[in-house]
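K.L.:
Have a peek at target-v5.tsv (TSV, C-alpha atoms and all ligand atoms).
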chain	number	residue	atom	x	y	z
A	133	MET	CA	-27.91	-12.35	-0.66
A	134	ASN	CA	-25.68	-13.81	2.04
A	135	LEU	CA	-21.88	-14.07	1.99
A	136	ALA	CA	-21.86	-17.74	0.94
A	137	GLU	CA	-24.15	-17.05	-2.06
A	138	TYR	CA	-22.12	-13.98	-3.01
A	139	LYS	CA	-18.86	-15.98	-2.89
A	140	GLN	CA	-20.40	-18.72	-5.03
A	141	LEU	CA	-21.41	-16.21	-7.69
A	142	LEU	CA	-17.97	-14.62	-7.70
A	143	ALA	CA	-16.29	-18.02	-8.00
A	144	ALA	CA	-18.22	-18.59	-11.24
A	145	ILE	CA	-16.88	-15.43	-12.96
A	146	PRO	CA	-14.42	-16.76	-15.56
A	147	TYR	CA	-11.99	-13.79	-15.62
A	148	GLY	CA	-10.69	-11.01	-13.43
A	149	LYS	CA	-7.56	-10.50	-11.36
A	150	ARG	CA	-7.96	-12.67	-8.28
A	151	LEU	CA	-6.02	-11.76	-5.17
A	152	PRO	CA	-6.45	-13.49	-1.80
A	153	SER	CA	-9.02	-10.95	-0.61
A	154	ALA	CA	-10.47	-9.40	-3.77
A	155	LEU	CA	-11.46	-9.92	-7.39
A	156	TYR	CA	-10.81	-7.01	-9.80
A	157	LEU	CA	-12.28	-6.69	-13.25
A	158	TYR	CA	-12.79	-4.21	-16.04
A	159	ARG	CA	-16.39	-3.05	-16.20
A	160	ASP	CA	-16.87	-3.66	-19.89
A	161	GLU	CA	-20.16	-3.10	-21.68
A	162	PRO	CA	-22.12	-5.33	-21.63
A	163	LEU	CA	-21.03	-6.96	-18.38
A	164	GLN	CA	-20.67	-10.74	-18.65
A	165	LEU	CA	-20.87	-11.67	-15.00
A	166	GLY	CA	-24.21	-13.44	-14.75
A	167	ASP	CA	-27.63	-11.97	-13.93
A	168	ALA	CA	-27.41	-12.07	-10.16
A	169	ILE	CA	-24.06	-10.25	-9.90
A	170	GLU	CA	-25.00	-7.78	-12.62
A	171	THR	CA	-28.19	-6.85	-10.77
A	172	LEU	CA	-26.23	-6.46	-7.56
A	173	VAL	CA	-23.67	-4.20	-9.30
A	174	GLN	CA	-26.41	-2.13	-10.93
A	175	ARG	CA	-28.25	-1.55	-7.64
A	176	ALA	CA	-25.04	-0.74	-5.79
A	177	ALA	CA	-23.96	1.71	-8.53
A	178	ILE	CA	-27.29	3.54	-8.38
A	179	SER	CA	-27.24	3.73	-4.62
A	180	CYS	CA	-23.72	5.26	-4.43
A	181	GLY	CA	-23.84	7.26	-7.67
A	182	ALA	CA	-21.12	5.32	-9.51
A	183	THR	CA	-21.48	6.16	-13.19
A	184	GLN	CA	-19.80	4.27	-16.06
A	185	LEU	CA	-16.69	6.40	-15.45
A	186	TYR	CA	-16.00	3.94	-12.66
A	187	ASN	CA	-14.65	1.37	-15.03
A	188	VAL	CA	-13.06	-1.20	-12.71
A	189	LEU	CA	-14.94	-3.26	-10.15
A	190	LYS	CA	-13.39	-4.65	-7.03
A	191	PHE	CA	-15.34	-7.37	-5.20
A	192	ARG	CA	-14.14	-8.12	-1.70
A	193	LEU	CA	-14.04	-11.90	-1.31
A	194	ASP	CA	-14.33	-11.99	2.45
A	195	GLU	CA	-17.16	-9.52	2.98
A	196	LEU	CA	-20.10	-8.08	1.10
A	197	LYS	CA	-18.35	-4.98	-0.24
A	198	VAL	CA	-17.90	-3.70	-3.78
A	199	SER	CA	-15.67	-0.83	-4.93
A	200	PHE	CA	-16.22	1.19	-8.08
A	201	LEU	CA	-12.84	2.43	-9.28
A	202	ALA	CA	-12.23	5.14	-11.88
A	203	TYR	CA	-9.17	4.60	-14.08
A	204	PRO	CA	-9.73	7.23	-16.82
A	205	ASP	CA	-7.00	5.78	-19.08
A	206	PHE	CA	-7.55	2.11	-18.43
A	207	LEU	CA	-7.41	0.99	-22.07
A	208	ASP	CA	-4.64	3.27	-23.33
A	209	ASP	CA	-2.27	3.78	-20.44
A	210	PRO	CA	-0.11	0.67	-19.90
A	211	HIS	CA	-0.24	1.27	-16.13
A	212	PRO	CA	-3.27	3.46	-15.49
A	213	ALA	CA	-3.55	5.47	-12.28
A	214	LEU	CA	-6.53	5.37	-9.94
A	215	ARG	CA	-8.42	8.69	-9.94
A	216	HIS	CA	-11.38	8.03	-7.67
A	217	ALA	CA	-12.87	5.16	-5.67
A	218	ILE	CA	-16.27	4.50	-4.11
A	219	THR	CA	-16.66	1.53	-1.81
A	220	ILE	CA	-20.12	0.37	-0.83
A	221	ASP	CA	-20.96	-1.99	1.99
A	222	LEU	CA	-23.75	-4.14	0.58
A	223	THR	CA	-25.00	-5.06	4.03
A	224	THR	CA	-25.48	-1.54	5.39
A	225	GLY	CA	-25.75	0.39	2.10
A	226	LYS	CA	-23.18	2.90	3.39
A	227	HIS	CA	-20.48	4.09	1.04
A	228	ARG	CA	-17.10	5.83	1.28
A	229	GLU	CA	-15.31	7.83	-1.41
A	230	THR	CA	-11.59	8.43	-1.91
A	231	ASP	CA	-10.22	10.99	-4.34
A	232	TYR	CA	-6.72	10.42	-5.76
A	233	ALA	CA	-6.75	13.37	-8.19
A	234	GLY	CA	-4.12	15.39	-6.29
A	235	ASN	CA	-2.07	12.39	-5.18
A	236	ILE	CA	1.43	12.43	-6.66
A	237	ASN	CA	1.94	8.74	-5.97
A	238	PRO	CA	-1.42	7.13	-6.80
A	239	PRO	CA	-2.01	3.37	-7.07
A	240	ILE	CA	-1.49	2.03	-10.60
A	241	LEU	CA	-2.40	-1.22	-12.33
A	242	HIS	CA	-0.28	-4.03	-13.77
A	243	ARG	CA	-1.23	-7.23	-15.59
A	244	LYS	CA	-4.21	-5.58	-17.27
A	245	GLU	CA	-4.97	-8.71	-19.33
A	246	ALA	CA	-6.30	-10.35	-16.17
A	247	PHE	CA	-8.97	-7.65	-15.79
A	248	VAL	CA	-10.64	-8.16	-19.17
A	249	PRO	CA	-12.67	-11.05	-20.64
A	250	HIS	CA	-10.77	-13.67	-22.66
A	251	ASN	CA	-12.19	-12.36	-25.93
A	252	HIS	CA	-11.28	-8.70	-25.29
A	253	PRO	CA	-9.53	-7.21	-28.35
A	254	LYS	CA	-6.66	-5.75	-26.28
A	255	ARG	CA	-6.04	-8.76	-24.08
A	256	ALA	CA	-3.12	-10.16	-26.14
A	257	GLN	CA	-1.43	-6.74	-26.24
A	258	PHE	CA	-1.74	-6.35	-22.45
A	259	ALA	CA	-0.39	-9.87	-21.91
A	260	ALA	CA	2.64	-9.23	-24.14
A	261	LEU	CA	3.63	-6.21	-22.04
A	262	THR	CA	3.28	-8.21	-18.83
A	263	GLN	CA	5.47	-10.95	-20.25
A	264	ALA	CA	8.17	-8.46	-21.23
A	265	GLU	CA	8.05	-6.84	-17.77
A	266	GLU	CA	8.29	-10.23	-16.08
A	267	ALA	CA	11.26	-11.18	-18.28
A	268	HIS	CA	13.08	-8.03	-17.09
A	269	GLY	CA	12.49	-8.96	-13.45
A	270	LEU	CA	10.17	-6.02	-12.81
A	271	TYR	CA	7.72	-8.09	-10.76
A	272	GLU	CA	10.33	-9.81	-8.61
A	273	ASN	CA	9.80	-7.48	-5.70
A	274	SER	CA	6.21	-6.45	-6.08
A	275	ALA	CA	5.48	-4.79	-2.71
A	276	THR	CA	5.62	-1.20	-3.98
A	277	ILE	CA	5.32	-1.45	-7.77
A	278	GLY	CA	1.61	-0.72	-7.43
A	279	PHE	CA	2.41	2.97	-6.84
A	280	LYS	CA	3.29	5.36	-9.67
A	281	LEU	CA	6.52	6.93	-8.37
A	282	ASN	CA	7.90	3.66	-7.04
A	283	TRP	CA	7.22	1.99	-10.39
A	284	GLU	CA	8.86	4.85	-12.34
A	285	ARG	CA	11.95	4.66	-10.13
A	286	LEU	CA	12.20	0.90	-10.62
A	287	LEU	CA	11.96	1.27	-14.41
A	288	ALA	CA	14.59	4.02	-14.42
A	289	ALA	CA	16.90	2.00	-12.16
A	290	LYS	CA	16.74	-0.85	-14.69
A	291	GLY	CA	17.28	1.55	-17.60
A	292	LEU	CA	13.80	0.89	-19.00
A	293	THR	CA	10.72	2.82	-20.01
A	294	VAL	CA	7.22	1.83	-21.13
A	295	GLU	CA	6.19	3.50	-24.37
A	296	GLY	CA	2.73	2.83	-25.72
A	297	GLN	CA	2.29	-0.81	-24.81
A	298	SER	CA	5.97	-1.74	-25.18
A	299	LEU	CA	8.89	-1.95	-22.82
A	300	ARG	CA	12.06	-0.30	-24.18
A	301	PRO	CA	15.54	0.56	-22.93
A	302	ILE	CA	16.09	4.24	-22.12
A	303	ASP	CA	18.32	5.78	-24.76
A	304	ILE	CA	20.91	7.26	-22.43
A	305	ALA	CA	20.89	5.62	-19.03
A	306	GLY	CA	22.73	7.55	-16.40
A	307	PRO	CA	22.07	8.98	-12.94
A	308	GLU	CA	20.89	12.22	-14.56
A	309	ASP	CA	17.97	10.28	-16.11
A	310	MET	CA	16.65	9.04	-12.78
A	311	PRO	CA	13.41	10.73	-11.66
A	312	LEU	CA	14.35	13.19	-8.96
A	313	PRO	CA	13.13	12.46	-5.44
A	314	VAL	CA	10.63	14.89	-4.01
A	315	THR	CA	12.33	17.10	-1.42
A	316	ARG	CA	11.12	19.97	0.66
A	317	GLY	CA	14.34	20.51	2.53
A	318	ILE	CA	13.79	18.64	5.79
A	319	ASP	CA	17.10	18.39	7.65
A	320	ARG	CA	16.49	14.80	8.64
A	321	HIS	CA	19.59	14.50	10.79
A	322	LYS	CA	18.32	17.35	12.97
A	323	THR	CA	14.94	15.73	13.65
A	324	ALA	CA	16.16	13.13	16.16
A	325	LEU	CA	15.70	14.30	19.75
A	326	THR	CA	17.81	13.36	22.70
A	327	ARG	CA	15.18	11.74	24.89
A	328	TYR	CA	15.46	11.29	28.63
A	329	ASP	CA	12.53	8.91	28.75
A	330	LEU	CA	11.03	6.27	26.45
A	331	SER	CA	9.05	7.67	23.52
A	332	LYS	CA	5.27	7.61	23.78
A	333	PRO	CA	4.72	4.69	21.35
A	334	VAL	CA	7.30	2.54	23.14
A	335	LYS	CA	5.87	3.41	26.54
A	336	THR	CA	2.44	2.49	25.22
A	337	LEU	CA	3.73	-0.90	24.03
A	338	VAL	CA	5.04	-1.62	27.52
A	339	GLU	CA	1.81	-0.39	29.13
A	340	TYR	CA	-0.29	-2.65	26.91
A	341	GLY	CA	1.84	-5.69	27.68
A	342	LEU	CA	3.04	-6.03	24.10
A	343	LEU	CA	6.68	-5.86	25.05
A	344	LYS	CA	7.15	-8.66	27.52
A	345	THR	CA	10.59	-9.80	28.62
A	346	GLY	CA	11.86	-12.18	25.94
A	347	THR	CA	10.17	-10.21	23.16
A	348	THR	CA	12.66	-8.90	20.61
A	349	PHE	CA	12.42	-5.24	19.62
A	350	PHE	CA	13.89	-3.43	16.61
A	351	ASP	CA	13.80	0.35	16.26
A	352	TYR	CA	13.69	1.25	12.54
A	353	GLY	CA	14.97	4.84	12.31
A	354	CYS	CA	16.13	4.84	15.93
A	355	GLY	CA	17.57	8.38	15.91
A	356	GLN	CA	19.93	8.85	18.86
A	357	GLY	CA	18.93	5.43	20.19
A	358	SER	CA	17.19	6.53	23.39
A	359	ASP	CA	14.42	3.93	23.08
A	360	VAL	CA	16.91	1.13	22.38
A	361	ASN	CA	19.10	2.14	25.33
A	362	GLY	CA	16.11	2.62	27.63
A	363	LEU	CA	14.68	-0.79	26.76
A	364	ARG	CA	18.05	-2.50	27.14
A	365	ALA	CA	18.38	-0.96	30.60
A	366	LEU	CA	15.02	-2.55	31.41
A	367	GLY	CA	16.29	-5.95	30.26
A	368	TYR	CA	14.81	-6.18	26.75
A	369	ALA	CA	16.58	-7.53	23.68
A	370	ALA	CA	16.48	-4.25	21.74
A	371	SER	CA	18.42	-3.07	18.71
A	372	GLY	CA	18.16	-0.24	16.21
A	373	TRP	CA	19.22	1.17	12.87
A	374	ASP	CA	19.19	4.72	11.56
A	375	PRO	CA	20.53	5.92	8.20
A	376	VAL	CA	22.05	9.02	9.84
A	377	HIS	CA	22.73	8.20	13.48
A	378	LYS	CA	23.36	4.45	13.35
A	379	PRO	CA	24.07	3.50	9.74
A	380	ASP	CA	26.24	0.57	10.86
A	381	GLY	CA	23.40	-0.95	12.93
A	382	LEU	CA	22.05	-4.16	11.38
A	383	LYS	CA	18.48	-4.20	10.18
A	384	GLN	CA	17.08	-7.16	12.08
A	385	MET	CA	13.93	-9.24	12.22
A	386	ALA	CA	12.17	-8.78	15.55
A	387	ASP	CA	8.85	-9.61	17.23
A	388	VAL	CA	8.07	-5.91	17.52
A	389	VAL	CA	9.34	-3.23	15.14
A	390	ASN	CA	8.98	0.45	15.92
A	391	LEU	CA	8.83	3.04	13.13
A	392	GLY	CA	8.67	6.05	15.42
A	393	TYR	CA	8.21	9.53	13.91
A	394	VAL	CA	10.18	8.50	10.83
A	395	LEU	CA	7.64	8.66	8.02
A	396	ASN	CA	6.93	12.33	8.71
A	397	VAL	CA	10.57	13.28	8.07
A	398	ILE	CA	10.67	11.58	4.65
A	399	GLU	CA	9.48	14.10	2.07
A	400	ASP	CA	9.56	11.73	-0.88
A	401	PRO	CA	6.36	9.60	-1.10
A	402	ALA	CA	8.11	6.72	-2.90
A	403	GLU	CA	10.86	6.49	-0.29
A	404	ARG	CA	8.27	6.82	2.48
A	405	LEU	CA	6.41	3.82	1.11
A	406	ASP	CA	9.64	1.81	0.68
A	407	SER	CA	10.58	2.50	4.30
A	408	LEU	CA	7.14	1.50	5.57
A	409	VAL	CA	7.22	-1.76	3.61
A	410	ASP	CA	10.80	-2.48	4.68
A	411	ALA	CA	9.95	-1.92	8.35
A	412	TYR	CA	6.91	-4.18	7.95
A	413	ARG	CA	9.10	-6.93	6.46
A	414	HIS	CA	11.23	-6.94	9.60
A	415	ALA	CA	8.23	-7.32	11.92
A	416	GLU	CA	7.48	-10.88	12.94
A	417	ARG	CA	4.52	-10.04	15.13
A	418	LEU	CA	3.80	-6.33	15.29
A	419	LEU	CA	4.76	-3.09	13.58
A	420	VAL	CA	4.07	0.16	15.40
A	421	VAL	CA	4.00	3.29	13.26
A	422	SER	CA	3.85	6.80	14.70
A	423	GLY	CA	3.91	10.08	12.90
A	424	LEU	CA	3.45	13.75	13.53
A	425	ILE	CA	0.44	15.02	11.70
A	426	GLN	CA	0.98	18.45	10.21
A	427	GLN	CA	-2.33	20.04	11.15
A	428	THR	CA	-2.36	19.17	14.81
A	429	ASN	CA	1.29	18.36	15.48
A	430	GLN	CA	-0.03	15.49	17.53
A	431	ALA	CA	1.54	12.08	17.62
A	432	LEU	CA	-0.65	9.36	16.13
A	433	PRO	CA	0.54	5.90	17.12
A	434	LEU	CA	-0.72	3.21	14.75
A	435	ALA	CA	-0.23	-0.51	14.79
A	436	THR	CA	-0.42	-3.37	12.36
A	437	THR	CA	0.18	-7.08	12.67
A	438	PRO	CA	2.23	-8.70	9.91
A	439	ARG	CA	-0.46	-11.22	9.07
A	440	ARG	CA	-3.13	-8.60	8.47
A	441	TRP	CA	-2.00	-5.39	6.83
A	442	ARG	CA	-4.40	-3.25	8.73
A	443	TYR	CA	-3.89	-0.09	10.71
A	444	SER	CA	-5.85	1.34	13.50
A	445	ARG	CA	-5.24	3.63	16.39
A	446	LEU	CA	-3.11	1.90	18.98
A	447	ARG	CA	-5.68	2.17	21.69
A	448	GLY	CA	-8.27	0.61	19.40
A	449	THR	CA	-6.34	-2.39	18.13
A	450	LEU	CA	-3.85	-3.57	20.58
A	451	ARG	CA	-6.23	-4.41	23.37
A	452	ARG	CA	-7.41	-7.89	22.49
A	501	LIG	C1	12.10	12.38	14.38
A	501	LIG	S1	13.43	11.26	14.32
A	501	LIG	C2	12.79	9.91	15.28
A	501	LIG	C3	13.86	9.08	15.91
A	501	LIG	C4	13.37	8.01	16.89
A	501	LIG	N1	12.54	7.02	16.26
A	501	LIG	C5	12.66	8.66	18.06
A	501	LIG	O1	11.44	8.50	18.18
A	501	LIG	O2	13.33	9.30	18.86
A	501	LIG	C6	13.39	10.65	12.66
A	501	LIG	C7	14.54	9.71	12.33
A	501	LIG	O3	14.26	9.09	11.07
A	501	LIG	C8	15.50	8.85	10.46
A	501	LIG	N2	15.28	8.58	9.03
A	501	LIG	C9	15.30	9.45	7.99
A	501	LIG	N3	15.07	8.81	6.83
A	501	LIG	C10	14.88	7.51	7.14
A	501	LIG	C11	14.61	6.34	6.37
A	501	LIG	N4	14.47	6.37	5.04
A	501	LIG	N5	14.48	5.15	7.02
A	501	LIG	C12	14.62	5.11	8.37
A	501	LIG	N6	14.87	6.18	9.14
A	501	LIG	C13	15.01	7.36	8.54
A	501	LIG	C14	16.29	10.12	10.75
A	501	LIG	O4	17.67	9.91	10.59
A	501	LIG	C15	15.88	10.41	12.18
A	501	LIG	O5	16.78	9.88	13.09
Starting from the file, give its structure as structure tokens.
Ligand SMILES: C[S@@+](CC[C@H](N)C(=O)[O-])C[C@H]1O[C@@H](n2cnc3c(N)ncnc32)[C@H](O)[C@@H]1O
P.N.:
Amino acid sequence: MNLAEYKQLLAAIPYGKRLPSALYLYRDEPLQLGDAIETLVQRAAISCGATQLYNVLKFRLDELKVSFLAYPDFLDDPHPALRHAITIDLTTGKHRETDYAGNINPPILHRKEAFVPHNHPKRAQFAALTQAEEAHGLYENSATIGFKLNWERLLAAKGLTVEGQSLRPIDIAGPEDMPLPVTRGIDRHKTALTRYDLSKPVKTLVEYGLLKTGTTFFDYGCGQGSDVNGLRALGYAASGWDPVHKPDGLKQMADVVNLGYVLNVIEDPAERLDSLVDAYRHAERLLVVSGLIQQTNQALPLATTPRRWRYSRLRGTLRR
């Protein structure tokens, strides 16, 4: 089957949550997707060992790839968490597995009614919850609601909770009811170095010609501001913000945004994700993310372009 045929078959499936690059659906028994797709799913499942426990299917719309996703509480949990995923490339037959069992902030689902066929007995119940959540403005800023801790924080901030399949106000809403952030005692203010040279990611940007004169640069979590000062001295339009060292700096849109060694000082996974998404929102052309990885203590510069939310090692991606 080629990509055009595959896309045509997917277009004919009458339900499922359609996003720009993927179609998600609940793997109900029996499947009602048409013979050709069902055969393809069956063969793929056998080849990668995806049993019926993998109860949600994700079809990539732009390439021949299918993921088998295990949501153990799909029907009962209003926002079930992903436990395990297997993605198979239908062209090469290779597959990759990801285990979320020990992840404290796993991806979760919303709008479950979209995943099930129109005649599914729970569809109306799922839809009613979605409607209530929409009415309370819970989907207004959807960038991070797909992660468990971020979702729980948003609910608590609005004084709400989901019980069974219903949205309810929390009985006593006060700061003491907010889920506590995860902390492991990093003294964040002590992590910023005084640098006497540009940091490695910023130097790399210059080396690769991604910071040309006229390009605007914003340092998200700029620490003591050495990169901003160094770039300004070289004639660049650079600015920065840091919650500890430059809290009065304005968060600005810029061609290139640097998130340098910041994520590794944020212990709380929900805040880490919020910061990453916020930095990404300020990047008009390129976001560079670097972090210290615990095992090796080595810097890993990563880059992503705002149009395609895709990371890769700097050396790999930025050379065009
Ligand atoms: C290791 S320093 C890196 C500073 C600078 N980017 C550099 O490379 O020199 C980490 C910085 O992240 C800042 N930071 C902590 N939490 C942050 C958050 N939620 N958003 C942005 N920056 C944060 C800290 O204040 C600290 O200055």
K.L.:
Please give me, as a PyMOL selection string, the residues lying within 7 Å of ligand LIG 501 (chain A) when counting all atoms listed in the file.
P.N.:
chain A and resi 320-321+323-325+327+331+351-359+374-377+391-394+397-398+403-404+407
K.L.:
With distances taken over only C-alpha atoms, which residue among A:Ala154, A:Val409, A:Leu343, A:Leu363 lies nearest Glu195 in chain A?
P.N.:
A:Ala154
K.L.:
I'd like the neighbourhood of Asp194 in chain A as a list in words, where a residue qualifies if any of its atoms comes within 10 Å (using all atoms listed in the file), though same-chain residues fewer than 3 positions away should be ignored.
P.N.:
Leu135, Ala136, Tyr138, Lys139, Pro152, Ser153, Ala154, Phe191 and Lys197 of chain A
K.L.:
To one decimal place in Å, what is the distance between CA of Arg150 in chain A and CA of Phe200 in chain A?
P.N.:
16.1 Å
K.L.:
Dump as JSON lines the rows for residues of range 344-435 of chain A within 10 Å of range 234-248 of chain A: closest atom pair and distance in Å with one decimal, only C-alpha atoms counted, ordered by chain and rising residue number.
P.N.:
{"residue": "A:Asp400", "atom": "CA", "partner": "A:Asn237", "partner_atom": "CA", "distance": 9.6}
{"residue": "A:Pro401", "atom": "CA", "partner": "A:Asn237", "partner_atom": "CA", "distance": 6.6}
{"residue": "A:Ala402", "atom": "CA", "partner": "A:Asn237", "partner_atom": "CA", "distance": 7.2}
{"residue": "A:Leu405", "atom": "CA", "partner": "A:Asn237", "partner_atom": "CA", "distance": 9.7}
K.L.:
Please indicate the distance in Å from CA of Leu157 in chain A to CA of Thr224 in chain A, rounded to one decimal place.
P.N.:
23.4 Å
K.L.:
Would you mind telling me which residue in A:Ser179, A:Thr345, A:Thr171, A:Asn390 lies nearest to Arg228 in chain A when using all atoms listed in the file?
P.N.:
A:Ser179
K.L.:
Out of A:Leu299, A:Leu141, A:Val388, A:Leu270, which residue has the shortest atom-to-atom distance to Arg285 in chain A when counting only C-alpha atoms?
P.N.:
A:Leu270
K.L.:
Hey, which of A:Arg255, A:Arg192, A:Arg413, A:Lys383 ends up closest to Tyr147 in chain A? Count all atoms listed in the file.
P.N.:
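The shortest atom-to-atom distance to Tyr147 in chain A comes from A:Arg255.
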K.L.:
Mind pulling up the distance from CA of Arg215 in chain A to CA of Arg300 in chain A?
P.N.:
26.5 Å
K.L.:
Using only C-alpha atoms, which residues sit within 12 Å of Ile178 in chain A once same-chain residues fewer than 4 positions away are excluded, as a PyMOL selection string?
P.N.:
chain A and resi 171-174+182-184+200+218+220+225+227
K.L.:
Taking (-8.3, -0.9, -10.0) as a centre in this file's frame and 8 Å as the limit, can you find every polymer residue with an atom that close, using only C-alpha atoms, and give them as a list in words?
P.N.:
Tyr156, Leu157, Val188, Leu189, Lys190, Leu201, Ala202, Tyr203, Leu214, Ile240 and Leu241 of chain A
K.L.:
Pull C-alpha atoms from the residues just selected and write them as a short mmCIF file (atom, residue, chain, number, x, y, z; two decimals), in the coordinates of the input.
P.N.:
data_model
loop_
_atom_site.label_atom_id
_atom_site.label_comp_id
_atom_site.auth_asym_id
_atom_site.auth_seq_id
_atom_site.Cartn_x
_atom_site.Cartn_y
_atom_site.Cartn_z
CA TYR A 156 -10.81 -7.01 -9.80
CA LEU A 157 -12.28 -6.69 -13.25
CA VAL A 188 -13.06 -1.20 -12.71
CA LEU A 189 -14.94 -3.26 -10.15
CA LYS A 190 -13.39 -4.65 -7.03
CA LEU A 201 -12.84 2.43 -9.28
CA ALA A 202 -12.23 5.14 -11.88
CA TYR A 203 -9.17 4.60 -14.08
CA LEU A 214 -6.53 5.37 -9.94
CA ILE A 240 -1.49 2.03 -10.60
CA LEU A 241 -2.40 -1.22 -12.33
#
K.L.:
Using all atoms listed in the file, determine which residues lie at most 6 Å from Ala370 in chain A, disregarding the query and same-chain residues fewer than 5 positions distant; provide the list as a list in words.
P.N.:
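The residues that qualify are Phe349, Phe350, Val360 and Arg364 of chain A.
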K.L.:
Those same residues - C-alpha atoms - I'd like them written as a PDB file, in the frame of the given file.
P.N.:
ATOM      1  CA  PHE A 349      12.420  -5.240  19.620  1.00  0.00           C
ATOM      2  CA  PHE A 350      13.890  -3.430  16.610  1.00  0.00           C
ATOM      3  CA  VAL A 360      16.910   1.130  22.380  1.00  0.00           C
ATOM      4  CA  ARG A 364      18.050  -2.500  27.140  1.00  0.00           C
TER       5      ARG A 364
END
K.L.:
Using all atoms listed in the file, which of A:Ala267, A:Leu281, A:Asn134, A:Leu330 sits nearest Gly362 in chain A?
P.N.:
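Checking each of A:Ala267, A:Leu281, A:Asn134, A:Leu330 against Gly362 in chain A, counting all atoms listed in the file, the winner is A:Leu330.
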K.L.:
For Glu295 in chain A, which of A:Thr219, A:Pro210, A:Tyr368, A:Val420 is the closest residue, counting all atoms listed in the file?
P.N.:
A:Pro210
